[in-house]
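Data block for start-v3.txt (compact mmCIF, C-alpha atoms):
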```
# COMPACT_ATOMS: atom_id res chain seq x y z
CA MET U 23 0.00 0.00 0.00
CA TRP U 24 1.10 3.59 -0.59
CA ARG U 25 2.62 5.27 2.44
CA LEU U 26 2.04 9.03 2.42
CA HIS U 27 4.73 10.98 4.27
CA GLN U 28 3.07 14.17 5.53
CA PHE U 29 2.09 16.30 8.51
CA PRO U 30 -1.52 17.29 9.25
CA LEU U 31 -1.18 20.96 8.22
CA CYS U 32 0.83 20.45 5.00
CA PRO U 33 -1.43 21.96 2.29
CA PHE U 34 0.30 20.04 -0.51
CA SER U 35 -0.21 16.72 1.28
CA ARG U 36 -3.86 17.75 1.74
CA LYS U 37 -4.24 18.39 -2.01
CA LEU U 38 -2.85 14.90 -2.69
CA ARG U 39 -5.02 13.28 0.01
CA LEU U 40 -8.12 14.88 -1.54
CA LEU U 41 -7.12 13.58 -4.99
CA MET U 42 -6.41 10.06 -3.72
CA GLY U 43 -9.67 10.14 -1.75
CA GLU U 44 -11.70 11.19 -4.80
CA LYS U 45 -10.04 8.49 -6.92
CA GLY U 46 -10.42 5.81 -4.24
CA ILE U 47 -6.70 5.02 -4.00
CA PRO U 48 -5.86 3.43 -0.61
CA PHE U 49 -2.98 4.83 1.42
CA GLU U 50 -1.69 4.99 4.97
CA LEU U 51 -0.44 8.16 6.64
CA TRP U 52 3.16 8.41 7.80
CA ARG U 53 3.92 11.36 10.04
CA GLU U 54 6.86 13.48 8.92
CA ASN U 55 8.32 16.74 10.23
CA PRO U 56 10.09 17.95 7.08
CA TRP U 57 11.58 20.96 8.93
CA GLU U 58 13.77 18.54 10.91
CA GLY U 59 15.53 17.57 7.66
CA THR U 60 16.42 14.05 8.82
CA GLU U 61 18.75 12.04 6.61
CA ASP U 62 16.11 9.35 6.12
CA PHE U 63 13.63 11.88 4.77
CA LEU U 64 16.18 13.68 2.56
CA ALA U 65 17.14 10.29 1.10
CA LEU U 66 13.50 9.87 0.06
CA ASN U 67 13.18 13.45 -1.25
CA PRO U 68 16.28 15.63 -1.75
CA ALA U 69 13.91 18.63 -1.98
CA GLY U 70 13.09 18.05 1.70
CA ARG U 71 9.38 18.69 1.23
CA THR U 72 6.17 16.79 1.89
CA PRO U 73 4.27 15.01 0.43
CA VAL U 74 6.33 11.98 -0.48
CA LEU U 75 4.55 8.81 -1.56
CA HIS U 76 6.42 5.59 -1.02
CA ASP U 77 5.56 1.97 -1.69
CA PRO U 78 8.07 -0.13 0.28
CA ASP U 79 7.03 -3.39 -1.42
CA LYS U 80 7.27 -2.09 -4.99
CA ARG U 81 10.19 0.16 -4.06
CA VAL U 82 8.63 3.15 -5.78
CA THR U 83 9.04 6.67 -4.40
CA LEU U 84 7.18 9.66 -5.82
CA CYS U 85 7.88 13.27 -4.77
CA ASP U 86 6.27 16.66 -5.32
CA SER U 87 2.51 17.00 -4.98
CA GLN U 88 1.93 18.12 -8.56
CA ALA U 89 4.11 15.38 -10.06
CA ILE U 90 2.19 12.82 -7.97
CA CYS U 91 -1.22 14.23 -8.94
CA GLU U 92 -0.24 14.09 -12.63
CA TYR U 93 0.93 10.49 -12.07
CA PHE U 94 -2.46 9.44 -10.73
CA GLU U 95 -4.26 11.33 -13.50
CA GLU U 96 -2.30 9.24 -15.98
CA THR U 97 -2.69 5.89 -14.22
CA VAL U 98 -6.13 5.96 -12.53
CA GLU U 99 -9.13 6.65 -14.77
CA ARG U 100 -11.68 7.19 -12.00
CA SER U 101 -12.70 10.79 -11.20
CA PRO U 102 -10.48 12.65 -13.68
CA MET U 103 -9.29 15.92 -12.17
CA ILE U 104 -7.26 17.38 -15.07
CA ASN U 105 -9.85 16.93 -17.76
CA GLY U 106 -11.25 18.57 -20.87
CA THR U 107 -9.62 20.33 -23.84
CA ALA U 108 -5.93 21.26 -23.86
CA THR U 109 -6.87 24.89 -23.12
CA GLY U 110 -9.19 23.78 -20.32
CA ARG U 111 -6.42 21.63 -18.83
CA ALA U 112 -4.04 24.60 -19.02
CA GLU U 113 -6.62 26.65 -17.09
CA ILE U 114 -6.83 23.94 -14.39
CA ARG U 115 -3.02 23.88 -14.08
CA ARG U 116 -2.81 27.70 -14.05
CA LEU U 117 -5.17 27.81 -11.07
CA VAL U 118 -3.39 24.95 -9.27
CA ALA U 119 -0.15 26.94 -9.57
CA LEU U 120 -1.93 30.10 -8.37
CA PHE U 121 -3.04 28.32 -5.18
CA ASP U 122 0.11 26.20 -4.70
CA GLU U 123 2.41 29.19 -5.18
CA ASN U 124 0.72 32.58 -4.73
CA PHE U 125 -1.89 31.65 -2.11
CA TYR U 126 0.68 29.52 -0.31
CA PHE U 127 3.38 32.22 -0.18
CA ASP U 128 0.96 35.08 0.59
CA VAL U 129 -1.24 33.33 3.15
CA THR U 130 -0.57 29.70 4.14
CA ALA U 131 3.22 29.87 4.54
CA PRO U 132 3.25 32.97 6.81
CA LEU U 133 0.39 31.49 8.89
CA LEU U 134 2.26 28.19 9.26
CA HIS U 135 5.39 30.08 10.25
CA GLU U 136 3.70 32.32 12.80
CA ARG U 137 1.19 29.89 14.30
CA MET U 138 2.79 26.47 13.90
CA LYS U 139 6.58 26.72 13.52
CA LYS U 140 6.98 29.48 16.14
CA ARG U 141 4.84 27.51 18.56
CA LEU U 142 6.23 24.00 18.03
CA VAL U 143 9.82 24.62 16.95
CA LEU U 144 11.04 28.16 17.65
CA ARG U 145 9.10 28.70 20.90
CA GLN U 146 8.34 32.32 20.04
CA PRO U 147 5.10 34.32 20.07
CA PRO U 148 3.54 35.05 16.66
CA ASP U 149 4.17 38.43 15.02
CA SER U 150 0.76 40.12 14.92
CA LYS U 151 1.75 42.35 11.99
CA ALA U 152 2.67 39.31 9.87
CA LEU U 153 -0.64 37.65 10.82
CA ARG U 154 -2.63 40.77 9.83
CA GLU U 155 -0.80 40.95 6.50
CA ALA U 156 -1.53 37.26 5.76
CA MET U 157 -5.23 37.76 6.57
CA LYS U 158 -5.34 40.82 4.30
CA MET U 159 -3.77 38.81 1.47
CA ALA U 160 -6.31 36.03 2.12
CA HIS U 161 -9.12 38.55 1.49
CA GLY U 162 -7.63 39.40 -1.91
CA HIS U 163 -7.41 35.73 -2.86
CA LEU U 164 -10.98 35.02 -1.66
CA ASP U 165 -12.19 37.99 -3.75
CA TYR U 166 -10.70 36.31 -6.80
CA ILE U 167 -12.29 32.95 -5.90
CA ASP U 168 -15.66 34.75 -5.38
CA TRP U 169 -15.28 36.15 -8.90
CA LEU U 170 -14.44 32.73 -10.36
CA ILE U 171 -17.52 31.17 -8.72
CA ASP U 172 -19.72 34.01 -9.99
CA ASN U 173 -18.69 32.97 -13.49
CA ARG U 174 -18.34 29.18 -13.29
CA PRO U 175 -19.89 26.27 -11.34
CA TRP U 176 -16.42 25.10 -10.23
CA LEU U 177 -13.20 27.06 -10.08
CA ALA U 178 -11.79 26.01 -13.46
CA GLY U 179 -15.04 25.37 -15.33
CA SER U 180 -18.11 23.16 -15.44
CA THR U 181 -16.75 20.23 -13.41
CA MET U 182 -14.78 19.76 -10.22
CA SER U 183 -11.05 19.66 -10.93
CA LEU U 184 -7.63 19.67 -9.30
CA ALA U 185 -7.98 23.48 -9.10
CA ASP U 186 -10.81 23.02 -6.56
CA LEU U 187 -8.78 20.49 -4.58
CA ALA U 188 -5.69 22.75 -4.53
CA ALA U 189 -7.74 25.76 -3.40
CA ALA U 190 -9.63 23.80 -0.73
CA ALA U 191 -6.35 22.36 0.59
CA GLN U 192 -4.76 25.80 1.05
CA ILE U 193 -7.94 27.38 2.45
CA SER U 194 -8.46 24.53 4.92
CA VAL U 195 -4.99 25.01 6.43
CA ALA U 196 -5.41 28.81 6.55
CA ASP U 197 -8.85 28.33 8.16
CA TYR U 198 -7.44 25.89 10.74
CA LEU U 199 -4.90 28.55 11.70
CA GLY U 200 -7.54 31.24 12.09
CA GLY U 201 -6.41 33.15 9.00
CA ILE U 202 -9.71 33.26 7.11
CA ASP U 203 -12.37 35.89 7.80
CA TRP U 204 -15.38 34.59 5.85
CA LYS U 205 -17.40 37.82 6.04
CA GLY U 206 -18.21 39.14 2.58
CA HIS U 207 -17.15 35.93 0.83
CA GLU U 208 -20.50 34.13 0.54
CA GLN U 209 -19.71 32.63 -2.86
CA THR U 210 -16.46 31.06 -1.71
CA LEU U 211 -18.06 29.95 1.57
CA GLY U 212 -20.90 28.23 -0.33
CA TRP U 213 -18.46 26.39 -2.58
CA TYR U 214 -16.24 25.47 0.40
CA SER U 215 -19.18 24.18 2.49
CA VAL U 216 -20.18 21.78 -0.30
CA PHE U 217 -16.59 20.65 -0.37
CA LYS U 218 -16.36 20.04 3.37
CA SER U 219 -19.14 17.47 3.22
CA ARG U 220 -17.33 15.26 0.70
CA PRO U 221 -16.06 11.89 2.04
CA SER U 222 -12.54 12.76 0.79
CA PHE U 223 -12.50 15.88 2.99
CA ARG U 224 -13.92 14.52 6.26
CA PRO U 225 -10.73 12.80 7.50
CA LEU U 226 -8.80 16.07 7.08
CA LEU U 227 -11.30 18.04 9.13
CA THR U 228 -11.24 15.71 12.12
CA GLU U 229 -7.44 15.59 12.34
CA ARG U 230 -5.55 17.80 14.79
CA MET U 231 -1.97 19.10 14.87
CA GLU U 232 -0.65 18.57 18.40
CA VAL U 233 -1.35 21.54 20.68
CA ILE U 234 -2.67 23.79 17.91
CA GLN U 235 -6.44 24.00 17.98
CA PRO U 236 -8.56 25.27 15.09
CA PRO U 237 -11.47 27.72 15.56
CA LYS U 238 -14.85 26.15 16.32
CA HIS U 239 -16.30 26.66 12.81
CA TYR U 240 -13.34 24.86 11.17
CA SER U 241 -14.79 21.36 11.03
CA GLU U 242 -18.49 22.30 10.96
CA ILE U 243 -20.15 21.76 7.63
CA ASP U 244 -22.86 24.40 8.03
CA ILE U 245 -21.40 27.71 9.16
CA MET C 23 1.64 34.19 -33.57
CA TRP C 24 2.25 33.55 -29.87
CA ARG C 25 3.45 36.59 -27.97
CA LEU C 26 5.63 35.64 -25.00
CA HIS C 27 5.51 38.18 -22.16
CA GLN C 28 8.85 37.94 -20.36
CA PHE C 29 12.05 39.66 -19.29
CA PRO C 30 15.52 38.42 -20.30
CA LEU C 31 16.50 37.05 -16.87
CA CYS C 32 13.19 35.29 -16.00
CA PRO C 33 14.21 31.63 -15.54
CA PHE C 34 10.66 30.37 -16.06
CA SER C 35 10.35 32.24 -19.37
CA ARG C 36 13.71 30.75 -20.34
CA LYS C 37 12.44 27.24 -19.61
CA LEU C 38 9.44 27.90 -21.87
CA ARG C 39 11.60 29.48 -24.60
CA LEU C 40 13.83 26.39 -24.60
CA LEU C 41 10.79 24.12 -24.89
CA MET C 42 9.22 26.16 -27.71
CA GLY C 43 12.61 26.31 -29.45
CA GLU C 44 13.08 22.53 -29.24
CA LYS C 45 9.54 21.96 -30.55
CA GLY C 46 9.90 24.56 -33.33
CA ILE C 47 6.92 26.66 -32.16
CA PRO C 48 7.23 30.26 -33.46
CA PHE C 49 6.80 33.14 -31.00
CA GLU C 50 7.71 36.78 -30.59
CA LEU C 51 9.11 38.26 -27.39
CA TRP C 52 7.17 40.95 -25.52
CA ARG C 53 9.13 42.72 -22.79
CA GLU C 54 7.45 42.78 -19.39
CA ASN C 55 8.60 44.01 -15.99
CA PRO C 56 6.30 41.94 -13.76
CA TRP C 57 7.57 43.70 -10.60
CA GLU C 58 5.82 46.88 -11.80
CA GLY C 59 2.45 45.09 -11.44
CA THR C 60 0.72 47.11 -14.18
CA GLU C 61 -3.04 46.66 -14.54
CA ASP C 62 -2.63 45.45 -18.13
CA PHE C 63 -0.30 42.68 -17.02
CA LEU C 64 -2.40 41.66 -14.00
CA ALA C 65 -5.43 41.46 -16.31
CA LEU C 66 -3.49 38.88 -18.38
CA ASN C 67 -2.22 37.00 -15.31
CA PRO C 68 -3.67 37.65 -11.83
CA ALA C 69 -0.64 35.80 -10.41
CA GLY C 70 1.51 38.70 -11.68
CA ARG C 71 4.27 36.41 -12.91
CA THR C 72 6.05 35.80 -16.20
CA PRO C 73 5.85 33.94 -18.53
CA VAL C 74 2.45 34.66 -20.05
CA LEU C 75 1.73 33.44 -23.55
CA HIS C 76 -0.88 35.35 -25.47
CA ASP C 77 -2.30 35.00 -28.96
CA PRO C 78 -4.14 38.27 -29.72
CA ASP C 79 -5.78 36.87 -32.90
CA LYS C 80 -7.09 33.67 -31.31
CA ARG C 81 -7.71 35.46 -27.99
CA VAL C 82 -6.01 32.72 -26.01
CA THR C 83 -3.95 33.49 -22.90
CA LEU C 84 -1.89 30.86 -21.10
CA CYS C 85 -0.19 31.48 -17.74
CA ASP C 86 2.33 29.63 -15.55
CA SER C 87 5.40 28.08 -17.15
CA GLN C 88 4.58 24.53 -16.11
CA ALA C 89 0.95 24.74 -17.28
CA ILE C 90 2.16 26.09 -20.64
CA CYS C 91 4.83 23.38 -21.00
CA GLU C 92 2.23 20.69 -20.27
CA TYR C 93 -0.06 22.36 -22.87
CA PHE C 94 2.58 22.08 -25.60
CA GLU C 95 3.41 18.52 -24.57
CA GLU C 96 -0.24 17.67 -25.17
CA THR C 97 -0.67 19.60 -28.43
CA VAL C 98 2.72 19.42 -30.22
CA GLU C 99 4.12 15.94 -30.90
CA ARG C 100 7.62 17.02 -31.99
CA SER C 101 10.45 16.61 -29.46
CA PRO C 102 8.49 15.20 -26.51
CA MET C 103 9.92 16.48 -23.24
CA ILE C 104 7.70 14.68 -20.69
CA ASN C 105 8.04 11.22 -22.11
CA GLY C 106 8.29 7.58 -21.07
CA THR C 107 6.48 5.48 -18.48
CA ALA C 108 4.22 7.06 -15.84
CA THR C 109 6.99 6.61 -13.24
CA GLY C 110 9.52 8.12 -15.62
CA ARG C 111 7.24 11.09 -16.25
CA ALA C 112 6.82 11.53 -12.49
CA GLU C 113 10.61 11.62 -12.18
CA ILE C 114 10.84 14.33 -14.88
CA ARG C 115 8.19 16.42 -13.10
CA ARG C 116 9.85 15.88 -9.69
CA LEU C 117 13.09 17.31 -11.04
CA VAL C 118 11.33 20.20 -12.81
CA ALA C 119 9.77 21.14 -9.46
CA LEU C 120 13.15 20.78 -7.73
CA PHE C 121 14.71 23.31 -10.13
CA ASP C 122 11.65 25.59 -10.44
CA GLU C 123 11.16 25.74 -6.68
CA ASN C 124 14.22 24.74 -4.63
CA PHE C 125 16.97 25.94 -6.99
CA TYR C 126 14.97 29.08 -7.72
CA PHE C 127 14.35 30.00 -4.07
CA ASP C 128 17.85 29.01 -2.88
CA VAL C 129 19.89 30.49 -5.73
CA THR C 130 18.19 32.30 -8.63
CA ALA C 131 15.69 34.40 -6.64
CA PRO C 132 18.27 35.85 -4.18
CA LEU C 133 20.69 36.54 -7.06
CA LEU C 134 17.94 38.31 -9.02
CA HIS C 135 17.05 40.33 -5.93
CA GLU C 136 20.61 41.35 -5.09
CA ARG C 137 22.03 41.87 -8.56
CA MET C 138 19.03 42.88 -10.69
CA LYS C 139 16.21 44.31 -8.56
CA LYS C 140 18.52 46.27 -6.25
CA ARG C 141 20.37 47.71 -9.24
CA LEU C 142 17.42 48.51 -11.53
CA VAL C 143 14.58 49.18 -9.11
CA LEU C 144 15.70 49.75 -5.53
CA ARG C 145 19.00 51.52 -6.35
CA GLN C 146 20.82 49.80 -3.50
CA PRO C 147 24.14 47.94 -3.41
CA PRO C 148 23.93 44.12 -3.20
CA ASP C 149 24.26 42.42 0.18
CA SER C 150 27.51 40.43 -0.05
CA LYS C 151 26.39 37.99 2.66
CA ALA C 152 23.23 37.09 0.70
CA LEU C 153 25.32 36.63 -2.45
CA ARG C 154 27.74 34.31 -0.66
CA GLU C 155 24.85 32.28 0.74
CA ALA C 156 23.26 31.93 -2.74
CA MET C 157 26.58 30.78 -4.22
CA LYS C 158 27.00 28.25 -1.42
CA MET C 159 23.51 26.89 -2.09
CA ALA C 160 24.36 26.74 -5.82
CA HIS C 161 27.29 24.42 -4.96
CA GLY C 162 24.91 22.05 -3.18
CA HIS C 163 22.55 21.96 -6.13
CA LEU C 164 25.40 21.43 -8.62
CA ASP C 165 26.65 18.55 -6.45
CA TYR C 166 23.25 16.90 -6.88
CA ILE C 167 23.28 17.51 -10.65
CA ASP C 168 26.84 16.05 -10.81
CA TRP C 169 25.49 12.95 -9.09
CA LEU C 170 22.53 12.68 -11.49
CA ILE C 171 24.85 12.91 -14.50
CA ASP C 172 27.17 10.29 -13.02
CA ASN C 173 24.20 7.93 -13.07
CA ARG C 174 22.23 8.91 -16.19
CA PRO C 175 22.96 10.37 -19.65
CA TRP C 176 20.43 13.17 -19.04
CA LEU C 177 19.07 14.49 -15.75
CA ALA C 178 15.87 12.43 -15.66
CA GLY C 179 17.00 9.38 -17.64
CA SER C 180 18.15 8.23 -21.06
CA THR C 181 16.78 11.12 -23.13
CA MET C 182 16.70 14.91 -22.85
CA SER C 183 13.58 16.07 -21.01
CA LEU C 184 11.92 19.09 -19.46
CA ALA C 185 14.07 18.44 -16.38
CA ASP C 186 17.17 19.37 -18.41
CA LEU C 187 15.48 22.49 -19.80
CA ALA C 188 14.32 23.60 -16.31
CA ALA C 189 17.80 23.08 -14.84
CA ALA C 190 19.56 24.83 -17.74
CA ALA C 191 17.15 27.78 -17.48
CA GLN C 192 17.85 28.32 -13.76
CA ILE C 193 21.61 27.75 -14.11
CA SER C 194 21.86 30.14 -17.08
CA VAL C 195 20.31 33.00 -15.08
CA ALA C 196 22.47 32.24 -12.04
CA ASP C 197 25.56 32.08 -14.30
CA TYR C 198 24.64 35.41 -15.95
CA LEU C 199 24.51 36.98 -12.50
CA GLY C 200 27.92 35.60 -11.52
CA GLY C 201 26.47 33.13 -9.02
CA ILE C 202 28.00 29.91 -10.37
CA ASP C 203 31.51 28.79 -9.49
CA TRP C 204 32.11 25.92 -11.90
CA LYS C 205 35.21 24.57 -10.12
CA GLY C 206 34.71 20.96 -9.06
CA HIS C 207 31.54 20.51 -11.14
CA GLU C 208 33.02 18.99 -14.31
CA GLN C 209 30.04 16.67 -14.90
CA THR C 210 27.49 19.49 -14.76
CA LEU C 211 29.76 21.75 -16.82
CA GLY C 212 30.07 19.08 -19.53
CA TRP C 213 26.31 18.60 -19.70
CA TYR C 214 25.72 22.39 -19.67
CA SER C 215 28.29 23.02 -22.44
CA VAL C 216 26.51 20.57 -24.75
CA PHE C 217 23.30 22.40 -23.94
CA LYS C 218 24.70 25.84 -24.71
CA SER C 219 25.45 24.84 -28.30
CA ARG C 220 21.83 23.91 -29.08
CA PRO C 221 19.97 26.26 -31.46
CA SER C 222 17.19 26.67 -28.85
CA PHE C 223 19.74 28.05 -26.34
CA ARG C 224 21.77 30.44 -28.55
CA PRO C 225 19.23 33.33 -28.58
CA LEU C 226 19.17 33.32 -24.75
CA LEU C 227 22.95 33.55 -24.50
CA THR C 228 23.28 36.58 -26.78
CA GLU C 229 20.55 38.59 -24.99
CA ARG C 230 21.45 41.21 -22.39
CA MET C 231 19.47 42.74 -19.50
CA GLU C 232 20.04 46.51 -19.66
CA VAL C 233 23.09 47.63 -17.67
CA ILE C 234 23.73 44.23 -16.10
CA GLN C 235 26.62 42.45 -17.82
CA PRO C 236 27.33 38.72 -17.47
CA PRO C 237 30.83 37.35 -16.82
CA LYS C 238 32.93 36.67 -19.93
CA HIS C 239 32.48 32.86 -19.86
CA TYR C 240 28.67 33.16 -19.81
CA SER C 241 28.00 32.97 -23.55
CA GLU C 242 31.11 31.00 -24.56
CA ILE C 243 30.42 27.42 -25.52
CA ASP C 244 33.86 26.03 -24.61
CA ILE C 245 34.91 27.10 -21.16
```

Written as C-alpha cells, how would this file's structure read?
Amino acid sequence: MWRLHQFPLCPFSRKLRLLMGEKGIPFELWRENPWEGTEDFLALNPAGRTPVLHDPDKRVTLCDSQAICEYFEETVERSPMINGTATGRAEIRRLVALFDENFYFDVTAPLLHERMKKRLVLRQPPDSKALREAMKMAHGHLDYIDWLIDNRPWLAGSTMSLADLAAAAQISVADYLGGIDWKGHEQTLGWYSVFKSRPSFRPLLTERMEVIQPPKHYSEIDI
Amino acid sequence: MWRLHQFPLCPFSRKLRLLMGEKGIPFELWRENPWEGTEDFLALNPAGRTPVLHDPDKRVTLCDSQAICEYFEETVERSPMINGTATGRAEIRRLVALFDENFYFDVTAPLLHERMKKRLVLRQPPDSKALREAMKMAHGHLDYIDWLIDNRPWLAGSTMSLADLAAAAQISVADYLGGIDWKGHEQTLGWYSVFKSRPSFRPLLTERMEVIQPPKHYSEIDI
C-alpha cells in the first residue's frame, strides 16, 4: 500500500489526500516533520518537502505534490481531475499553480510560520503584523475565488477539478490557523461548504496538529 | 503568432523558450517588468508572474510556465519532453519542481534580488552575505546535478527532457549573475556546455538585461 509521508497541516499533502480520496486510492499516513531535515527523509526526497509517496514493497518513491497528482491522473481513470480540452487543462493547471504558489506564499506559509513553527519549533510568540498581513492577502485571494464562482460552477469550469482540490487544501490550512475571515465571501463559503461534506474531505477536518487547535467553525459543515 | 511576455532574466520564461525552441513553435518576445504590477499585465495574469503566452488573434492566454509546457506537450508531438512510463514522467516532473522551486528559491531568486532588482529598481548595493549564501547553495545543487549525470545520460534518464530544460534555465540566469563557481563541477559543466550549443539556447545567451553584464564565460560554448 502507498505510504504518504506528511504532517496534518501540510497543504500540498492535503491536495494529494483529496485527490487520492476522490479516486479511491488506498494509502496509509506516515507522520513526517520535514523541517527537521532528517537524513532518512532527505534520502526519500532531496527537496526536503512533503508530500512523499512511497511503496516499500514495490520500491517506488514519488515526490512533489503536482508530479504525484499528474501520475495518478495518468494511471487511474476514476474521477479525472485534469480533464477537458488542452486549453481547459491549461486553465486547471494555471489555477493549481496560483493556489500552490501565490496563495501559499501570501497566506498559508506565513500562517504556518507564525502559528505552527513558532509555537512548536522556535518557541516564540507570533508576530501580529505578519498575521494581519496574511489575513489581508487572504481577502484578496478570496475575492478572486468569489469572482471565479460568480462565473463558473467550479473554479476552473463546469466540473470539479484539481484546481478546486488545490484551493480547498490551502484554504483549509489557513482556516485551521484562524487566518480566514469569511465575512463578505459568501460565494467562496458556499463552494467550500459543499466541499467540506465530501467523504474525501472529512478525515482532514477531524485531524488535529498537536497543541494547535482550530477555531470552532473549522470542522463544521454548516457555518 | 504567440506573444511571450517575459524579461531576459526570468528563468521560467527561459524554460518555456527552450521548450518552444526545441519543438519549433514560433513566437515573438514581448518585454514585461512583472515587478511593476501594471493593470494590463495583472489582467493577463492575476498571479503577476512571467511567462504569459498570449495569442491576440485567437484570444487565447496561457499562464504559468509549467501549465504552458504541459499544454505544448499535449498539443505538439515534436520533441516530446515529458516522455516515457508514468513513473519516468513523475521523475521528470519531480526534477522540474526541484529546479523551479528549490533551486529558484535558494539560488536564482536571491541573485535576481541582489544583482538585478537592487540595481534597476531599488538603487541599492547588493548584500555580499546574501550573495555568498546563494553561491553556497548553488554548490549544493550542482553537487546533486553532478550525481545525477554520473548515473544517467540526461538528468531524468536516457533522453533529454523538461528536467534538463528547467535546470539549464535556472543555471543560465544564475551564471549570468555571476552566481555559479564551476570549479569541481566537471560533470554538470560538460552537460551544460553541450546544452549551450543547441539552437534553442543560442538566442538566450546573446541577450542582455540593460546595464547588467554577465561574466565573460557566460555565452562562450567552450569554457

Point-to-point distance from atom CA of Ala112 of chain U to atom CA of Leu40 of chain C, Å rounded to tenths: 18.8 Å

Set out as a tab-separated table a contact list for chain U and chain C with a cut-off of 9 Å, giving each residue of chain U that qualifies its closest atom pair and distance in Å to one decimal, counting all atoms listed in the file, ordered by chain and rising residue number.
```
residue	atom	partner	partner_atom	distance
U:Pro68	CA	C:Leu120	CA	8.5
U:Ala69	CA	C:Leu120	CA	6.2
U:Val82	CA	C:Thr109	CA	8.4
U:Leu84	CA	C:Ala112	CA	6.9
U:Cys85	CA	C:Arg116	CA	5.9
U:Asp86	CA	C:Arg116	CA	5.7
U:Ser87	CA	C:Arg116	CA	8.8
U:Gln88	CA	C:Arg115	CA	7.9
U:Ala89	CA	C:Arg115	CA	5.2
U:Ile90	CA	C:Ala112	CA	6.6
U:Glu92	CA	C:Ala112	CA	7.5
U:Tyr93	CA	C:Ala112	CA	6.0
U:Phe94	CA	C:Ala108	CA	8.7
U:Glu96	CA	C:Ala108	CA	6.9
U:Thr97	CA	C:Ala108	CA	7.2
U:Ala108	CA	C:Tyr93	CA	6.1
U:Thr109	CA	C:Tyr93	CA	7.3
U:Arg111	CA	C:Tyr93	CA	7.6
U:Ala112	CA	C:Ala89	CA	5.3
U:Glu113	CA	C:Leu84	CA	7.5
U:Ile114	CA	C:Ala89	CA	8.3
U:Arg115	CA	C:Ala89	CA	5.2
U:Arg116	CA	C:Asp86	CA	5.7
U:Leu117	CA	C:Asp86	CA	8.9
U:Ala119	CA	C:Asp86	CA	7.0
U:Leu120	CA	C:Ala69	CA	6.2
U:Glu123	CA	C:Ala69	CA	9.0
U:Asn124	CA	C:Ala69	CA	6.7
U:Tyr166	CA	C:Pro68	CA	8.7
```

Separation of atom CA of Val233 of chain U from atom CA of Arg137 of chain U in Å: 10.8 Å

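In this model, the gap between atom CA of Trp176 of chain U and atom CA of Asp122 of chain U comes to 17.5 Å.
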
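Closest approach to Ser183 of chain U from the set U:Asp62, U:His27, U:Phe217, U:Arg141 is made by U:Phe217, with distances taken over all atoms listed in the file.
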
Residues within 12 Å of Thr210 of chain C, only C-alpha atoms, excluding chain neighbours under 4 positions, as number ranges by chain: C: 160-161, 163-172, 174-177, 186, 189-190, 193, 202-206, 214-217

Using only C-alpha atoms: which of C:Asn105, C:Phe223, C:Gly179, C:Gly201 has the shortest distance to Ser150 of chain C: C:Gly201

Among the residues C:Ala185, C:Ala196, C:Leu133, C:Ala191, the one that comes closest to Arg36 of chain C [using all atoms listed in the file]: C:Ala191

Expected answer as a VMD selection string: all residues with atoms within 8 Å of (-13.1, 11.5, -7.7), all atoms listed in the file: chain U and resid 41 to 46 100 to 103

Within 12 Å of Gln146 of chain U using only C-alpha atoms, minus same-chain residues under 4 positions, as a list in words: His135, Glu136, Arg137, Met138, Lys139, Lys140, Arg141 and Leu142 of chain U

So for segment 57-71 of chain C, what box centre and size do we get, axis-aligned, 5 Å extra on each of the six sides, every listed atom, Å to one decimal, as AutoDock Vina command-line options?
```
--center_x 1.1 --center_y 41.5 --center_z -14.4 --size_x 23.0 --size_y 21.3 --size_z 18.0
```

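Remark: for Lys80 of chain U, the closest of the candidate residues U:Met23, U:Ile47, U:Leu153, U:Leu184 is U:Met23 (distances computed over only C-alpha atoms).
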
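Within 12 Å of the point (26.8, 24.2, -24.8), and counting only C-alpha atoms, the protein, DNA and RNA residues are C:Ala190, C:Ser194, C:Thr210, C:Leu211, C:Gly212, C:Trp213, C:Tyr214, C:Ser215, C:Val216, C:Phe217, C:Lys218, C:Ser219, C:Arg220, C:Pro221, C:Ser222, C:Phe223, C:Arg224, C:Leu226, C:Leu227, C:His239, C:Tyr240, C:Ser241, C:Glu242, C:Ile243, C:Asp244, C:Ile245.
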
Go ahead and save the picked residues with C-alpha atoms, as a PDB file, keeping the file's coordinate frame.
```pdb
ATOM      1  CA  ALA C 190      19.560  24.830 -17.740  1.00  0.00           C
ATOM      2  CA  SER C 194      21.860  30.140 -17.080  1.00  0.00           C
ATOM      3  CA  THR C 210      27.490  19.490 -14.760  1.00  0.00           C
ATOM      4  CA  LEU C 211      29.760  21.750 -16.820  1.00  0.00           C
ATOM      5  CA  GLY C 212      30.070  19.080 -19.530  1.00  0.00           C
ATOM      6  CA  TRP C 213      26.310  18.600 -19.700  1.00  0.00           C
ATOM      7  CA  TYR C 214      25.720  22.390 -19.670  1.00  0.00           C
ATOM      8  CA  SER C 215      28.290  23.020 -22.440  1.00  0.00           C
ATOM      9  CA  VAL C 216      26.510  20.570 -24.750  1.00  0.00           C
ATOM     10  CA  PHE C 217      23.300  22.400 -23.940  1.00  0.00           C
ATOM     11  CA  LYS C 218      24.700  25.840 -24.710  1.00  0.00           C
ATOM     12  CA  SER C 219      25.450  24.840 -28.300  1.00  0.00           C
ATOM     13  CA  ARG C 220      21.830  23.910 -29.080  1.00  0.00           C
ATOM     14  CA  PRO C 221      19.970  26.260 -31.460  1.00  0.00           C
ATOM     15  CA  SER C 222      17.190  26.670 -28.850  1.00  0.00           C
ATOM     16  CA  PHE C 223      19.740  28.050 -26.340  1.00  0.00           C
ATOM     17  CA  ARG C 224      21.770  30.440 -28.550  1.00  0.00           C
ATOM     18  CA  LEU C 226      19.170  33.320 -24.750  1.00  0.00           C
ATOM     19  CA  LEU C 227      22.950  33.550 -24.500  1.00  0.00           C
ATOM     20  CA  HIS C 239      32.480  32.860 -19.860  1.00  0.00           C
ATOM     21  CA  TYR C 240      28.670  33.160 -19.810  1.00  0.00           C
ATOM     22  CA  SER C 241      28.000  32.970 -23.550  1.00  0.00           C
ATOM     23  CA  GLU C 242      31.110  31.000 -24.560  1.00  0.00           C
ATOM     24  CA  ILE C 243      30.420  27.420 -25.520  1.00  0.00           C
ATOM     25  CA  ASP C 244      33.860  26.030 -24.610  1.00  0.00           C
ATOM     26  CA  ILE C 245      34.910  27.100 -21.160  1.00  0.00           C
TER      27      ILE C 245
END
```
